[in-house]
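What follows is the content of structure-v3.txt (compact mmCIF, C-alpha atoms (C1' of nucleotides)).
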# COMPACT_ATOMS: atom_id res chain seq x y z
CA MET A 1 -90.69 -79.12 16.17
CA LYS A 2 -92.19 -76.05 17.85
CA LYS A 3 -92.88 -73.10 15.60
CA GLU A 4 -90.44 -70.25 15.87
CA THR A 5 -91.69 -67.19 17.73
CA ARG A 6 -91.40 -63.77 16.20
CA GLN A 7 -88.71 -62.89 18.73
CA GLU A 8 -86.68 -65.94 17.79
CA GLU A 9 -87.02 -65.00 14.14
CA ILE A 10 -85.71 -61.49 14.83
CA ILE A 11 -82.76 -62.89 16.74
CA ARG A 12 -82.01 -65.37 13.97
CA ILE A 13 -82.06 -62.68 11.26
CA ALA A 14 -80.04 -60.33 13.46
CA ALA A 15 -77.35 -62.96 13.92
CA ARG A 16 -77.01 -63.26 10.17
CA LEU A 17 -76.59 -59.49 9.79
CA PHE A 18 -74.17 -59.33 12.72
CA LYS A 19 -72.00 -61.91 11.01
CA GLU A 20 -71.77 -59.85 7.84
CA LYS A 21 -71.06 -56.42 9.34
CA GLY A 22 -70.62 -56.82 13.07
CA TYR A 23 -72.98 -55.75 15.85
CA SER A 24 -72.12 -52.04 15.84
CA ALA A 25 -72.54 -51.60 12.09
CA VAL A 26 -76.00 -53.15 11.98
CA THR A 27 -78.78 -50.67 12.78
CA MET A 28 -82.25 -51.47 14.01
CA ARG A 29 -83.47 -50.06 10.70
CA ASP A 30 -81.25 -52.52 8.79
CA LEU A 31 -82.68 -55.34 10.84
CA ALA A 32 -86.26 -54.15 10.39
CA ALA A 33 -85.82 -53.83 6.62
CA GLU A 34 -84.55 -57.40 6.50
CA MET A 35 -87.68 -58.48 8.40
CA GLY A 36 -89.88 -56.44 6.07
CA ILE A 37 -91.19 -54.17 8.85
CA LYS A 38 -90.37 -50.78 10.43
CA ALA A 39 -87.74 -50.37 13.12
CA ALA A 40 -90.21 -49.36 15.79
CA SER A 41 -92.16 -52.57 15.24
CA LEU A 42 -89.21 -54.62 16.44
CA TYR A 43 -89.85 -53.33 19.93
CA ASN A 44 -93.12 -55.24 20.13
CA HIS A 45 -90.91 -58.33 20.40
CA ILE A 46 -87.59 -57.34 21.96
CA ASN A 47 -86.56 -54.86 24.66
CA SER A 48 -83.43 -53.51 23.06
CA LYS A 49 -80.67 -54.10 20.54
CA GLN A 50 -78.48 -55.14 23.44
CA TYR A 51 -80.93 -57.89 24.38
CA ILE A 52 -80.57 -59.44 20.92
CA LEU A 53 -76.81 -59.66 21.26
CA ASP A 54 -77.09 -61.05 24.80
CA MET A 55 -79.41 -63.81 23.61
CA ILE A 56 -77.23 -64.78 20.65
CA ILE A 57 -74.00 -64.96 22.59
CA ILE A 58 -75.01 -66.24 26.01
CA THR A 59 -77.29 -68.98 24.68
CA LEU A 60 -74.49 -70.32 22.51
CA ALA A 61 -71.76 -69.93 25.11
CA GLU A 62 -73.83 -71.97 27.56
CA LYS A 63 -74.16 -74.75 25.01
CA PHE A 64 -70.39 -74.99 24.88
CA THR A 65 -70.25 -75.04 28.67
CA ASP A 66 -72.82 -77.82 28.82
CA GLY A 67 -70.95 -79.80 26.16
CA MET A 68 -67.66 -79.45 28.00
CA GLN A 69 -69.22 -80.60 31.26
CA GLN A 70 -70.54 -83.71 29.57
CA ILE A 71 -67.13 -84.44 28.07
CA GLN A 72 -65.37 -83.95 31.40
CA SER A 73 -67.66 -86.37 33.15
CA SER A 74 -67.07 -89.09 30.54
CA ASP A 75 -64.52 -91.77 31.30
CA ASP A 76 -62.68 -91.36 28.00
CA ASN A 77 -58.94 -90.84 27.99
CA CYS A 78 -57.32 -87.57 26.88
CA ILE A 79 -57.28 -88.33 23.15
CA GLY A 80 -60.89 -89.46 23.32
CA LYS A 81 -61.93 -86.29 25.09
CA LEU A 82 -60.13 -84.15 22.51
CA LYS A 83 -62.01 -86.00 19.81
CA GLN A 84 -65.26 -85.24 21.60
CA ILE A 85 -64.33 -81.55 21.83
CA ILE A 86 -63.73 -81.45 18.09
CA GLU A 87 -67.11 -83.05 17.49
CA LEU A 88 -68.77 -80.58 19.85
CA HIS A 89 -67.33 -77.64 17.94
CA VAL A 90 -68.21 -79.09 14.54
CA LYS A 91 -71.77 -79.72 15.70
CA LEU A 92 -72.41 -76.37 17.41
CA SER A 93 -70.62 -74.40 14.70
CA SER A 94 -72.55 -75.98 11.86
CA GLN A 95 -75.83 -75.46 13.70
CA ASN A 96 -75.04 -71.86 14.68
CA ILE A 97 -72.99 -70.43 11.85
CA TYR A 98 -74.15 -66.86 12.45
CA GLY A 99 -74.14 -67.01 16.21
CA MET A 100 -70.53 -68.17 16.21
CA ALA A 101 -69.53 -64.96 14.46
CA SER A 102 -70.99 -62.84 17.27
CA LEU A 103 -69.49 -65.13 19.87
CA ASN A 104 -66.04 -64.62 18.39
CA ASN A 105 -66.16 -61.00 17.31
CA ASP A 106 -68.83 -59.11 19.23
CA TRP A 107 -68.61 -60.39 22.80
CA MET A 108 -66.93 -57.11 23.81
CA HIS A 109 -70.20 -55.33 23.08
CA LEU A 110 -72.01 -57.24 25.78
CA ALA A 111 -72.90 -54.99 28.72
CA GLU A 112 -74.06 -56.51 32.04
CA LYS A 113 -73.54 -60.00 30.65
CA ARG A 114 -69.95 -59.36 29.63
CA ASP A 115 -68.31 -60.57 32.81
CA TYR A 116 -70.52 -63.63 32.88
CA TYR A 117 -69.49 -64.47 29.31
CA LYS A 118 -65.82 -64.03 30.11
CA LYS A 119 -66.21 -66.34 33.07
CA LEU A 120 -67.81 -69.03 30.92
CA ARG A 121 -65.01 -68.71 28.39
CA SER A 122 -62.19 -68.85 30.89
CA ASN A 123 -63.78 -71.86 32.60
CA TYR A 124 -64.00 -73.58 29.23
CA GLU A 125 -60.35 -72.92 28.51
CA GLU A 126 -59.37 -74.10 31.96
CA ASP A 127 -61.17 -77.40 31.41
CA PHE A 128 -59.51 -77.75 28.02
CA ARG A 129 -56.08 -77.07 29.46
CA SER A 130 -56.51 -79.59 32.24
CA ILE A 131 -57.42 -82.28 29.71
CA LEU A 132 -54.16 -81.56 27.88
CA GLU A 133 -52.17 -81.57 31.11
CA GLU A 134 -53.59 -84.93 32.11
CA GLY A 135 -52.65 -86.23 28.68
CA ILE A 136 -49.09 -85.01 29.09
CA ALA A 137 -48.83 -86.50 32.57
CA SER A 138 -50.11 -89.88 31.42
CA GLY A 139 -47.83 -89.83 28.35
CA GLU A 140 -50.70 -89.81 25.88
CA ILE A 141 -49.61 -86.65 24.13
CA VAL A 142 -46.28 -84.95 23.47
CA ASN A 143 -44.76 -82.71 26.09
CA GLU A 144 -45.14 -79.38 24.30
CA LYS A 145 -46.51 -76.28 26.02
CA PRO A 146 -50.19 -76.95 26.69
CA GLU A 147 -50.90 -73.24 26.21
CA VAL A 148 -49.72 -73.31 22.61
CA MET A 149 -51.46 -76.60 21.85
CA MET A 150 -54.73 -75.30 23.24
CA PHE A 151 -54.37 -72.02 21.39
CA SER A 152 -53.72 -73.79 18.13
CA ILE A 153 -56.57 -76.27 18.39
CA LEU A 154 -59.07 -73.87 19.86
CA THR A 155 -58.54 -71.06 17.36
CA THR A 156 -58.98 -73.53 14.53
CA LEU A 157 -62.20 -74.84 16.04
CA ARG A 158 -63.45 -71.35 16.82
CA SER A 159 -63.02 -70.34 13.20
CA LEU A 160 -65.00 -73.22 11.75
CA TYR A 161 -67.98 -70.92 11.24
CA ILE A 162 -66.04 -68.98 8.60
CA TRP A 163 -65.05 -72.00 6.72
CA ILE A 164 -67.98 -74.44 6.89
CA PRO A 165 -70.37 -72.31 4.77
CA LYS A 166 -67.84 -72.15 1.94
CA LYS A 167 -68.02 -75.90 1.40
CA GLU A 168 -71.36 -76.74 -0.20
CA ASP A 169 -71.04 -80.53 -0.09
CA LEU A 170 -69.76 -80.96 3.42
CA ASN A 171 -70.05 -84.16 5.37
CA LEU A 172 -69.81 -83.16 9.02
CA ARG A 173 -68.75 -86.60 10.17
CA GLU A 174 -65.98 -86.57 7.62
CA LEU A 175 -64.93 -83.07 8.65
CA SER A 176 -64.64 -84.15 12.27
CA ALA A 177 -62.50 -87.09 11.22
CA THR A 178 -60.18 -84.97 9.09
CA LEU A 179 -59.78 -82.38 11.83
CA ASN A 180 -59.11 -85.16 14.27
CA GLN A 181 -56.34 -86.43 12.04
CA ILE A 182 -54.82 -83.00 11.47
CA LEU A 183 -55.15 -81.53 14.95
CA ILE A 184 -54.47 -84.61 17.07
CA LYS A 185 -51.93 -86.63 15.16
CA GLY A 186 -49.52 -83.75 15.51
CA ILE A 187 -49.94 -84.09 19.24
CA ASN A 188 -50.22 -87.82 19.63
CA LYS A 189 -46.99 -89.63 20.36
CA MET B 1 -35.23 -44.68 12.82
CA LYS B 2 -37.31 -41.87 11.28
CA LYS B 3 -39.59 -40.00 13.63
CA GLU B 4 -43.25 -40.89 13.41
CA THR B 5 -45.44 -38.33 11.67
CA ARG B 6 -48.63 -37.13 13.31
CA GLN B 7 -50.65 -39.06 10.73
CA GLU B 8 -48.80 -42.25 11.53
CA GLU B 9 -49.42 -41.65 15.22
CA ILE B 10 -53.16 -41.25 14.60
CA ILE B 11 -53.26 -44.47 12.59
CA ARG B 12 -51.32 -46.31 15.26
CA ILE B 13 -53.65 -45.19 18.04
CA ALA B 14 -56.70 -45.87 15.86
CA ALA B 15 -55.56 -49.44 15.26
CA ARG B 16 -55.37 -49.99 18.99
CA LEU B 17 -58.92 -48.73 19.49
CA PHE B 18 -60.18 -50.72 16.51
CA LYS B 19 -58.79 -53.86 18.07
CA GLU B 20 -60.69 -53.26 21.30
CA LYS B 21 -64.09 -52.32 19.91
CA GLY B 22 -64.03 -52.77 16.15
CA TYR B 23 -63.97 -50.08 13.46
CA SER B 24 -67.68 -49.22 13.57
CA ALA B 25 -67.84 -48.78 17.33
CA VAL B 26 -64.90 -46.35 17.47
CA THR B 27 -65.90 -42.74 16.83
CA MET B 28 -63.66 -39.95 15.67
CA ARG B 29 -64.33 -38.34 19.05
CA ASP B 30 -63.08 -41.50 20.82
CA LEU B 31 -59.94 -41.40 18.72
CA ALA B 32 -59.41 -37.68 19.29
CA ALA B 33 -59.84 -38.07 23.05
CA GLU B 34 -57.20 -40.79 23.03
CA MET B 35 -54.87 -38.41 21.18
CA GLY B 36 -55.67 -35.62 23.63
CA ILE B 37 -57.17 -33.34 20.96
CA LYS B 38 -60.58 -32.49 19.48
CA ALA B 39 -62.17 -34.58 16.74
CA ALA B 40 -62.03 -31.80 14.17
CA SER B 41 -58.28 -31.52 14.64
CA LEU B 42 -57.78 -35.03 13.32
CA TYR B 43 -58.71 -33.74 9.88
CA ASN B 44 -55.56 -31.66 9.70
CA HIS B 45 -53.76 -34.98 9.28
CA ILE B 46 -56.16 -37.45 7.67
CA ASN B 47 -58.89 -37.21 5.03
CA SER B 48 -61.47 -39.47 6.60
CA LYS B 49 -62.12 -42.28 9.03
CA GLN B 50 -62.22 -44.62 6.04
CA TYR B 51 -58.68 -43.60 5.08
CA ILE B 52 -57.39 -44.73 8.47
CA LEU B 53 -58.87 -48.20 8.02
CA ASP B 54 -57.57 -48.43 4.45
CA MET B 55 -54.05 -47.63 5.60
CA ILE B 56 -54.09 -50.10 8.49
CA ILE B 57 -55.40 -53.02 6.46
CA ILE B 58 -53.87 -52.55 3.02
CA THR B 59 -50.38 -51.75 4.31
CA LEU B 60 -50.38 -54.93 6.37
CA ALA B 61 -51.99 -57.11 3.71
CA GLU B 62 -49.29 -56.08 1.25
CA LYS B 63 -46.60 -57.09 3.72
CA PHE B 64 -48.06 -60.58 3.75
CA THR B 65 -48.16 -60.60 -0.04
CA ASP B 66 -44.53 -59.53 -0.21
CA GLY B 67 -43.53 -62.16 2.31
CA MET B 68 -45.33 -64.89 0.42
CA GLN B 69 -43.67 -63.88 -2.84
CA GLN B 70 -40.27 -64.12 -1.22
CA ILE B 71 -41.10 -67.57 0.15
CA GLN B 72 -42.39 -68.82 -3.18
CA SER B 73 -39.23 -67.77 -4.98
CA SER B 74 -37.03 -69.58 -2.46
CA ASP B 75 -35.73 -73.04 -3.39
CA ASP B 76 -36.86 -74.60 -0.11
CA ASN B 77 -38.98 -77.73 -0.16
CA CYS B 78 -42.60 -77.81 1.03
CA ILE B 79 -41.87 -78.28 4.73
CA GLY B 80 -39.25 -75.55 4.59
CA LYS B 81 -41.69 -73.16 2.96
CA LEU B 82 -44.34 -73.90 5.56
CA LYS B 83 -41.80 -73.14 8.25
CA GLN B 84 -41.09 -69.82 6.55
CA ILE B 85 -44.80 -69.03 6.43
CA ILE B 86 -45.08 -69.65 10.17
CA GLU B 87 -42.13 -67.35 10.79
CA LEU B 88 -43.68 -64.70 8.55
CA HIS B 89 -46.92 -64.74 10.53
CA VAL B 90 -45.14 -64.71 13.89
CA LYS B 91 -43.02 -61.77 12.79
CA LEU B 92 -45.78 -59.66 11.21
CA SER B 93 -48.30 -60.47 13.94
CA SER B 94 -45.96 -59.55 16.77
CA GLN B 95 -45.00 -56.33 15.01
CA ASN B 96 -48.61 -55.40 14.15
CA ILE B 97 -50.76 -56.71 16.99
CA TYR B 98 -53.44 -54.07 16.52
CA GLY B 99 -53.41 -54.01 12.75
CA MET B 100 -53.96 -57.76 12.64
CA ALA B 101 -57.25 -57.30 14.47
CA SER B 102 -58.54 -54.95 11.77
CA LEU B 103 -57.22 -57.22 9.05
CA ASN B 104 -59.17 -60.14 10.47
CA ASN B 105 -62.34 -58.46 11.69
CA ASP B 106 -62.88 -55.17 9.87
CA TRP B 107 -61.90 -55.80 6.25
CA MET B 108 -65.60 -55.82 5.33
CA HIS B 109 -65.72 -52.14 6.19
CA LEU B 110 -63.27 -51.27 3.47
CA ALA B 111 -64.95 -49.37 0.63
CA GLU B 112 -63.14 -48.90 -2.71
CA LYS B 113 -60.20 -50.93 -1.44
CA ARG B 114 -62.35 -53.91 -0.47
CA ASP B 115 -62.06 -55.82 -3.74
CA TYR B 116 -58.33 -55.19 -3.86
CA TYR B 117 -57.98 -56.59 -0.34
CA LYS B 118 -60.01 -59.66 -1.20
CA LYS B 119 -57.84 -60.24 -4.24
CA LEU B 120 -54.68 -60.07 -2.13
CA ARG B 121 -56.15 -62.52 0.33
CA SER B 122 -57.31 -65.03 -2.24
CA ASN B 123 -53.95 -64.87 -4.00
CA TYR B 124 -52.25 -65.53 -0.69
CA GLU B 125 -54.43 -68.55 -0.03
CA GLU B 126 -53.88 -69.83 -3.55
CA ASP B 127 -50.12 -69.69 -3.07
CA PHE B 128 -50.46 -71.44 0.28
CA ARG B 129 -52.63 -74.17 -1.21
CA SER B 130 -50.24 -74.81 -4.08
CA ILE B 131 -47.37 -75.25 -1.62
CA LEU B 132 -49.40 -77.92 0.17
CA GLU B 133 -50.35 -79.60 -3.10
CA GLU B 134 -46.72 -79.78 -4.19
CA GLY B 135 -45.91 -81.31 -0.82
CA ILE B 136 -48.58 -83.96 -1.27
CA ALA B 137 -47.42 -84.73 -4.81
CA SER B 138 -43.80 -85.11 -3.73
CA GLY B 139 -44.79 -87.23 -0.73
CA GLU B 140 -43.49 -84.74 1.81
CA ILE B 141 -46.79 -84.37 3.64
CA VAL B 142 -49.76 -86.62 4.29
CA ASN B 143 -52.50 -86.93 1.70
CA GLU B 144 -55.27 -85.16 3.60
CA LYS B 145 -57.50 -82.52 2.02
CA PRO B 146 -55.26 -79.50 1.42
CA GLU B 147 -58.28 -77.25 2.04
CA VAL B 148 -58.67 -78.47 5.60
CA MET B 149 -54.94 -78.38 6.28
CA MET B 150 -54.68 -74.83 5.01
CA PHE B 151 -57.74 -73.77 6.98
CA SER B 152 -56.37 -75.25 10.16
CA ILE B 153 -52.89 -73.78 9.88
CA LEU B 154 -53.98 -70.42 8.56
CA THR B 155 -56.67 -69.73 11.14
CA THR B 156 -54.19 -70.55 13.88
CA LEU B 157 -51.63 -68.18 12.38
CA ARG B 158 -54.23 -65.48 11.76
CA SER B 159 -55.26 -65.56 15.41
CA LEU B 160 -51.77 -65.11 16.81
CA TYR B 161 -52.49 -61.44 17.45
CA ILE B 162 -55.06 -62.42 20.11
CA TRP B 163 -52.74 -64.70 21.85
CA ILE B 164 -49.26 -63.15 21.68
CA PRO B 165 -50.07 -60.13 23.91
CA LYS B 166 -51.27 -62.42 26.71
CA LYS B 167 -47.83 -63.94 27.13
CA GLU B 168 -45.59 -61.41 28.79
CA ASP B 169 -42.34 -63.36 28.54
CA LEU B 170 -42.59 -64.54 24.97
CA ASN B 171 -39.63 -65.64 22.93
CA LEU B 172 -40.67 -65.28 19.31
CA ARG B 173 -38.10 -67.71 18.01
CA GLU B 174 -39.29 -70.28 20.49
CA LEU B 175 -42.92 -69.63 19.57
CA SER B 176 -42.14 -70.24 15.90
CA ALA B 177 -40.43 -73.48 16.81
CA THR B 178 -43.32 -74.70 18.94
CA LEU B 179 -45.87 -73.82 16.28
CA ASN B 180 -43.72 -75.56 13.73
CA GLN B 181 -43.77 -78.69 15.87
CA ILE B 182 -47.51 -78.56 16.49
CA LEU B 183 -48.74 -77.46 13.10
CA ILE B 184 -46.34 -79.36 10.88
CA LYS B 185 -45.63 -82.60 12.67
CA GLY B 186 -49.28 -83.44 12.35
CA ILE B 187 -48.84 -83.14 8.62
CA ASN B 188 -45.36 -84.51 8.17
CA LYS B 189 -45.20 -88.17 7.29
C1' DT C 1 -38.67 -8.99 13.51
C1' DG C 2 -41.78 -11.13 10.81
C1' DA C 3 -43.36 -14.60 7.34
C1' DA C 4 -44.63 -19.29 6.98
C1' DC C 5 -46.44 -23.23 8.63
C1' DA C 6 -48.01 -27.10 11.50
C1' DA C 7 -51.49 -28.14 14.44
C1' DA C 8 -54.62 -27.05 17.53
C1' DC C 9 -59.23 -24.74 18.42
C1' DT C 10 -64.72 -23.37 18.33
C1' DA C 11 -68.99 -23.74 16.09
C1' DA C 12 -71.88 -25.81 13.31
C1' DC C 13 -73.97 -28.93 9.60
C1' DA C 14 -76.96 -32.66 7.94
C1' DG C 15 -77.80 -37.24 8.57
C1' DT C 16 -78.23 -41.35 11.54
C1' DT C 17 -78.83 -43.70 15.91
C1' DG C 18 -81.74 -46.46 19.45
C1' DT C 19 -85.92 -45.90 21.39
C1' DT C 20 -90.73 -44.26 23.07
C1' DA C 21 -95.63 -43.04 22.63
C1' DG C 22 -99.75 -43.53 20.81
C1' DT C 23 -102.59 -45.50 17.09
C1' DT C 24 -104.36 -48.72 13.52
C1' DT C 25 -105.05 -53.23 11.48
C1' DA C 26 -106.21 -57.90 11.13
C1' DA C 27 -106.77 -62.35 13.04
C1' DT C 28 -108.56 -65.25 17.03
C1' DG C 29 -111.59 -67.31 20.45
C1' DT C 30 -115.99 -66.95 23.13
C1' DA D 1 -121.10 -60.23 17.29
C1' DC D 2 -117.73 -58.69 20.22
C1' DA D 3 -113.69 -58.47 23.18
C1' DT D 4 -108.98 -59.68 23.04
C1' DT D 5 -104.63 -59.77 21.35
C1' DA D 6 -100.54 -59.91 18.30
C1' DA D 7 -98.17 -57.13 15.43
C1' DA D 8 -97.85 -53.73 12.47
C1' DC D 9 -97.90 -48.53 11.76
C1' DT D 10 -96.62 -43.01 12.00
C1' DA D 11 -94.32 -39.44 14.29
C1' DA D 12 -91.10 -37.86 17.02
C1' DC D 13 -87.21 -37.46 20.59
C1' DA D 14 -82.49 -36.48 22.17
C1' DA D 15 -78.12 -37.95 21.49
C1' DC D 16 -74.49 -39.00 18.52
C1' DT D 17 -72.20 -39.48 13.87
C1' DG D 18 -68.44 -37.93 10.37
C1' DT D 19 -67.10 -33.90 8.54
C1' DT D 20 -66.44 -28.79 7.07
C1' DA D 21 -65.29 -23.90 7.64
C1' DG D 22 -62.99 -20.50 9.58
C1' DT D 23 -59.90 -19.00 13.31
C1' DT D 24 -56.22 -19.00 16.82
C1' DT D 25 -51.84 -20.52 18.78
C1' DG D 26 -47.15 -21.47 18.94
C1' DT D 27 -42.84 -22.76 16.74
C1' DT D 28 -39.30 -22.43 12.97
C1' DC D 29 -36.19 -20.06 10.17
C1' DA D 30 -34.73 -16.34 6.89
Would it be possible to restate this file's structure as structure tokens?
Amino acid sequence: MKKETRQEEIIRIAARLFKEKGYSAVTMRDLAAEMGIKAASLYNHINSKQYILDMIIITLAEKFTDGMQQIQSSDDNCIGKLKQIIELHVKLSSQNIYGMASLNNDWMHLAEKRDYYKKLRSNYEEDFRSILEEGIASGEIVNEKPEVMMFSILTTLRSLYIWIPKKEDLNLRELSATLNQILIKGINK
Amino acid sequence: MKKETRQEEIIRIAARLFKEKGYSAVTMRDLAAEMGIKAASLYNHINSKQYILDMIIITLAEKFTDGMQQIQSSDDNCIGKLKQIIELHVKLSSQNIYGMASLNNDWMHLAEKRDYYKKLRSNYEEDFRSILEEGIASGEIVNEKPEVMMFSILTTLRSLYIWIPKKEDLNLRELSATLNQILIKGINK
DNA sequence: TGAACAAACTAACAGTTGTTAGTTTAATGT
DNA sequence: ACATTAAACTAACAACTGTTAGTTTGTTCA
């Protein structure tokens, strides 16, 4: 396990503050105070406030993209792929509780990286939708509107970061299984 | 239909801006520009920026509380009540697209009204949970953790405001029906 | 016609914002 | 022992923040 750099520490603390109050409401002085230093000292390690947000969001968004690519290239059927997607979200959400908040709520404050983020997200949704459509075509899942199914599943998975920290004794494997039951069995024929 | 006061107009426009950028990132000068006036002129109609947020969030939160009370006092069974809850969210979300964004993302920027809001929300969730527990006890719904079921359904319903505006030709009655199928049939025995 | 009023305006305030420049401090490796 | 370097510091900046005070404009109605 490599030791965390000072920059990584700043970004980690920033993500926690961004989750509580949102990017715009957190000042560099807030962040510095939380680190126990002065605001100006932050700039020995990062270029700008914007850079912190970019790092938090883009790094995490790319992990979802990577995960989805792996799932797509597996030879599982539709239901199996959906199960893998649930596990991906449970894993990444539990490992990046604070980052998920920025990903969901502060992406609009990205600057140059905003279009790139939106591209990643729409690609992800497209992949998701095509998995559902294949499942409908092959008769694996019910013939409801794939848009609404995706919306329902994806918003639940995207909100896991709110909910996971509230459960102190949480078994992630068990959570995946329960979500699988609740989200899929309503779809499965 | 009573004509909208200037204050109501300001609050309506503010809610739209808050949805796009969040409460903290919207300045009184942004809001004034959108109204076609100067920032100082806003204060002929409202006391403070805070007041605008209070009105948006509390007004809407109380509508949910009222709706839930009506549902609880109905003599429907569990599944029927869940269906009513879905319809309540579809109705209030479609009528308050912008307000729902503040309700979900900016409630932490409430000041004096923050505790009151949190109380309304926890009461709402308690009512929701007890409906599910009754359903489990009576054998109407599957015996999965009510916490996870509530989380899954509620986060989907709370995110409708993101999704509804993207569908231009949206039949609300049909949306309720589809959500009912997707969210409930996974629970229904 | 003129009083009353709603609603805009200009000008300014005190505090906060992200950020830069230049300097000091303490630990590290030769 | 000394040069290097990481990481803190103080001081300051220009721009922006929510908000107040006092004034002007235009419409309504007695």
Contacts of segment 86-90 of chain A at 7 Å or less, counting only C-alpha atoms (C1' of nucleotides), minus same-chain residues fewer than 2 places along, as a list in words?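 What passes the distance filter is Gly67, Leu82, Lys83, Gln84, Leu92, Ser93, Ser94, Leu157 and Ser176 of chain A.
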Counting only C-alpha atoms (C1' of nucleotides), chain C residues within 8 Å of chain B, as JSON, numbers by chain: {"C": [7, 8, 9]}
At a cut-off of 12 Å, using only C-alpha atoms (C1' of nucleotides), what residues contact segment 168-171 of chain B? Leave out same-chain residues fewer than 4 positions from it and give the result as a ChimeraX atom specification. /A:148 /B:90-91,94,163-164,175-178
As a PDB file with C-alpha atoms, keeping the file's coordinate frame, could you give me every residue of chain B near chain D (at most 12 Å apart, counting only C-alpha atoms (C1' of nucleotides))?
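Saved as selection-v3.pdb:
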ATOM      1  CA  SER B  24     -67.680 -49.220  13.570  1.00  0.00           C
ATOM      2  CA  ALA B  25     -67.840 -48.780  17.330  1.00  0.00           C
ATOM      3  CA  VAL B  26     -64.900 -46.350  17.470  1.00  0.00           C
ATOM      4  CA  THR B  27     -65.900 -42.740  16.830  1.00  0.00           C
ATOM      5  CA  MET B  28     -63.660 -39.950  15.670  1.00  0.00           C
ATOM      6  CA  ARG B  29     -64.330 -38.340  19.050  1.00  0.00           C
ATOM      7  CA  ASP B  30     -63.080 -41.500  20.820  1.00  0.00           C
ATOM      8  CA  ALA B  39     -62.170 -34.580  16.740  1.00  0.00           C
ATOM      9  CA  ALA B  40     -62.030 -31.800  14.170  1.00  0.00           C
ATOM     10  CA  SER B  41     -58.280 -31.520  14.640  1.00  0.00           C
ATOM     11  CA  LEU B  42     -57.780 -35.030  13.320  1.00  0.00           C
ATOM     12  CA  TYR B  43     -58.710 -33.740   9.880  1.00  0.00           C
ATOM     13  CA  ASN B  44     -55.560 -31.660   9.700  1.00  0.00           C
ATOM     14  CA  ILE B  46     -56.160 -37.450   7.670  1.00  0.00           C
ATOM     15  CA  ASN B  47     -58.890 -37.210   5.030  1.00  0.00           C
ATOM     16  CA  SER B  48     -61.470 -39.470   6.600  1.00  0.00           C
ATOM     17  CA  LYS B  49     -62.120 -42.280   9.030  1.00  0.00           C
ATOM     18  CA  GLN B  50     -62.220 -44.620   6.040  1.00  0.00           C
TER      19      GLN B  50
END
Record the distance separating atom CA of Leu120 of chain B and atom CA of Leu179 of chain A, expressed in Å with one decimal. 26.8 Å
For Glu20 of chain B, find every residue with an atom within 9 Å (counting all atoms listed in the file), except residues of its own chain fewer than 5 positions away, and show them as a list in words. Met108 of chain A; Ala15, Val26, Tyr98 and Ala101 of chain B
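Near chain B, within 8 Å and using all atoms listed in the file, the residues of chain A are A:Glu20, A:Lys21, A:Ser24, A:Ala25, A:Asn105, A:Met108, A:His109, A:Glu144, A:Lys145, A:Val148, A:Met149, A:Phe151, A:Ser152, A:Ile153, A:Thr155, A:Thr156, A:Ser159, A:Trp163, A:Thr178, A:Leu179, A:Gln181, A:Ile182, A:Leu183, A:Ile184, A:Lys185, A:Gly186, A:Ile187.
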Pairwise distance for atom CA of Lys113 of chain B and atom CA of Glu126 of chain B, rounded to one decimal in Å: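 Atom CA of Glu126 of chain B lies at a distance of 20.0 Å from atom CA of Lys113 of chain B.
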Test item: which residues lie within 10 Å of (-46.4, -83.3, -0.7) counting only C-alpha atoms (C1' of nucleotides), as JSON, numbers by chain: {"B": [77, 78, 79, 130, 131, 132, 133, 134, 135, 136, 137, 138, 139, 140, 141, 142, 143, 146, 187, 188, 189]}
Which centre and edge lengths in Å to one decimal define the box along x, y and z that fits every listed atom of segment 9-25 of chain D plus 3 Å per side, as lines of an AutoDock Vina configuration file?
center_x = -74.9
center_y = -33.8
center_z = 14.6
size_x = 52.1
size_y = 35.5
size_z = 21.1
Measure the distance from atom CA of Phe64 of chain A to atom CA of Tyr124 of chain A in Å and round it to one decimal. 7.9 Å
Write segment 37-41 of chain A as a short mmCIF file (atom, residue, chain, number, x, y, z; two decimals), in the coordinates of the input, completed to N, CA, C and O atoms.
data_model
loop_
_atom_site.label_atom_id
_atom_site.label_comp_id
_atom_site.auth_asym_id
_atom_site.auth_seq_id
_atom_site.Cartn_x
_atom_site.Cartn_y
_atom_site.Cartn_z
N ILE A 37 -90.35 -55.03 8.00
CA ILE A 37 -91.19 -54.17 8.85
C ILE A 37 -90.43 -52.89 9.20
O ILE A 37 -89.29 -52.70 8.73
N LYS A 38 -91.03 -52.02 10.00
CA LYS A 38 -90.37 -50.78 10.43
C LYS A 38 -89.61 -51.01 11.73
O LYS A 38 -89.97 -51.88 12.52
N ALA A 39 -88.60 -50.18 11.95
CA ALA A 39 -87.74 -50.37 13.12
C ALA A 39 -88.53 -50.37 14.42
O ALA A 39 -88.29 -51.20 15.30
N ALA A 40 -89.46 -49.46 14.53
CA ALA A 40 -90.21 -49.36 15.79
C ALA A 40 -90.97 -50.65 16.10
O ALA A 40 -91.18 -50.99 17.27
N SER A 41 -91.38 -51.34 15.05
CA SER A 41 -92.16 -52.57 15.24
C SER A 41 -91.36 -53.68 15.92
O SER A 41 -91.93 -54.58 16.55
#
